[in-house]
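Read through the structure below, which is laid out as structure tokens, and then see the notes.
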Amino acid sequence: MSYKLFIPGPIAVSDKTLRAMAQPMVGHRSTDFVALYQSIQPGLQALFYTKDPVYLSTSSAWGVMEGSLRNVVAKKVLCCMNGAFSDKWLDVAQRLGKSAGALKFEWGQPVDPAAVRAELSQGGYDAITLIHNETSTGTMSDLAAIMQVVREFPDVISIVDTVSSFSVLPIKKDELGIDVLLTGSQKALALPPGLAIFSVSARARQRAATLSDRGYYFDFLEFQKNHENGMTPSTPVIPLIYALKSKLEDIAAEGVENRYNRHARLNRTVRDWAFAKGFKLFPDEAYGSLALNCFANNLNIDLPALNKVLKSKHGLVIDGGYGKLKGKTFRISNMGDETDETIAELLKALDSALAETPKLAS
Ligand SMILES: *Cc1c(COP(=O)(O)O)cnc(C)c1O
């Protein structure tokens with residue numbers, strides 16, 4: 001069964017990346033591994049716009065999301081919530097026994113910087129979680145405006161998830177003052193799942209040093225200590241590191257600005273196509289994600305039927321809505337390696353599949 005994913009993660013992986021993974025193993029304490037690890041640091045630091053080290057965690061993004069809470073929350077964390085992933089972060093904080101405040105917005109609305117200021121002003125917080133691009137609703141918050149507010153509160157360590165926006169547009173960690181910036185392999189980097197990539201400020205490491213219950217697997221100080229020797233705390237997923245190296249080479253060859261422009265252009269192409277069909281964007285257009293589009297199913301299309309035709313006749317798969325938005329929205333990714341040609345093929349297939357898909361009785 002072979003088909004191509006246009007869901008917002010995991011996304012399609014190129015043959016070049018798959019080939020890069022198929023290499024003999026090296027020992028993770030060998031000089032060959034150290035050379036591999038160190039060779040990708042400059043490229044990663046450039047993409048993170050940071051002077052801080054970039055760590056590699058063999059886990060999905062949630063490992064580092066949970067681990068970050070264990071490393072930096074001593075008093076209370078404020079969780080900014082506007083969709084499935086950001087809502088879940090509050091639940092995770094509570095499961096860890098952390099004191100947590102909820103700052104809730106409607107799904108499809110961005111995180112409002114003024115509301116962040118009002119809540120942090122209440123006092124008592126020493127950390128904040130924020131998702132830049134809420135993948136469940138295709139909503140991108142104004143990270144620069146929110147970080148400007150967070151910087152007014154020097155005790156507050158910021159943990160920012162850019163799982164589905166990293167490398168789609170510039171996210172300038174040091175300039176924005178982000179303490180923990182994290183992403184995952186299977187979204188915009190177009191790698192298979194299994195690797196989380198993150199960078200931690202000295203401030204956040206200092207906080208971690210004051211906490212005695214931060215565990216082992218995601219301990220920032222373990223990552224730092226091993227990083228200094230060009231290694232990871234435990235045996236990492238070496239094939240994905242080969243893949244990451246290959247991807248950094250792809251990004252350098254394309255030019256990162258060209259990459260950002262390509263994502264913005266393809267995002268617009270998909271959006272224009274849907275608007276011409278009569279669909280509406282689910283979030284406010286000003287906050288529509290550049291990595292994917294989440295459209296309202298305002299034309300009442302039978303989305304499972306649409307995807308069935310799309311998959312069986314065209315070998316393509318889009319997403320029929322996440323969680324409580326299932327059936328009410330659909331999402332199309334333009335992350336990773338997509339080009340004008342591949343997006344054009346998708347839209348042509350969608351035209352044809354839509355023509356044979358029934359509408360639901362309203
Ligand atoms: C996909 C996604 C996650 C979860 O990532 P896992 O790799 O499944 O842990 C978290 N946050 C956002 C914004 C995502 O899109």
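Ordering of the structure tokens sets the chain letters (A, B, ...); residue numbers start at 1 within each chain; ligands are numbered from 1 in the order shown.
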Would you write out, as CSV, a table of all residues in chain A that have an atom no more than 8 Å from an atom of ligand 1, listing for each the closest atom pair and the distance in Å to one decimal, considering only C-alpha atoms and all ligand atoms and ordering rows by chain and rising residue number?
residue,atom,partner,partner_atom_place_in_ligand_line,distance
A:Pro8,CA,ligand 1,15 (O),7.3
A:Gly9,CA,ligand 1,1 (C),6.2
A:Pro10,CA,ligand 1,1 (C),7.7
A:Ser59,CA,ligand 1,7 (O),7.5
A:Ser60,CA,ligand 1,7 (O),3.8
A:Ala61,CA,ligand 1,9 (O),3.7
A:Trp62,CA,ligand 1,9 (O),3.8
A:Gly63,CA,ligand 1,9 (O),6.6
A:Met65,CA,ligand 1,10 (C),7.9
A:Phe85,CA,ligand 1,11 (N),5.3
A:Ser86,CA,ligand 1,11 (N),7.3
A:Ile131,CA,ligand 1,13 (C),5.9
A:His132,CA,ligand 1,13 (C),7.2
A:Asn133,CA,ligand 1,13 (C),5.7
A:Glu134,CA,ligand 1,13 (C),5.1
A:Thr135,CA,ligand 1,15 (O),4.6
A:Ser136,CA,ligand 1,15 (O),7.1
A:Asp161,CA,ligand 1,11 (N),6.1
A:Thr162,CA,ligand 1,13 (C),6.2
A:Val163,CA,ligand 1,12 (C),4.8
A:Ser164,CA,ligand 1,15 (O),4.7
A:Ser165,CA,ligand 1,13 (C),7.9
A:Thr183,CA,ligand 1,11 (N),7.9
A:Gly184,CA,ligand 1,7 (O),5.4
A:Ser185,CA,ligand 1,7 (O),7.4
A:Gln186,CA,ligand 1,7 (O),6.9
A:Lys187,CA,ligand 1,1 (C),6.9
A:Pro193,CA,ligand 1,7 (O),6.7
A:Gly194,CA,ligand 1,7 (O),7.1
A:Leu195,CA,ligand 1,7 (O),7.8
A:Ala196,CA,ligand 1,7 (O),7.2
Filtered DSSP result for segment 66-293 of chain A, state alpha helix (DSSP H), as a ChimeraX atom specification: /A:66-72,84-95,113-120,143-150,173-176,202-209,220-227,238-254,256-277
Straight-line distance linking atom CA of Asp155 of chain A with atom CA of Arg207 of chain A, stated in Å to one decimal: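 Rounded to one decimal, the two atoms are 9.7 Å apart.
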Picked from segment 109-216 of chain A by DSSP as strand (DSSP E), as a ChimeraX atom specification: /A:127-131,133-134,139-140,157-161,180-184,196-200
Which of A:Ile7, A:Val317, A:Leu181, A:Leu240 sits closest to Asn334 of chain A [using only C-alpha atoms]: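 Smallest separation from Asn334 of chain A among the options: A:Ile7.
Taking only C-alpha atoms into account, Leu120 of chain A lies nearest to A:Leu78 out of the set A:Leu244, A:Ala100, A:Leu350, A:Leu78.
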For Leu347 of chain A, the nearest of the candidates A:Ser99, A:Asn307, A:Gln206, A:Thr269, counting only C-alpha atoms: A:Thr269
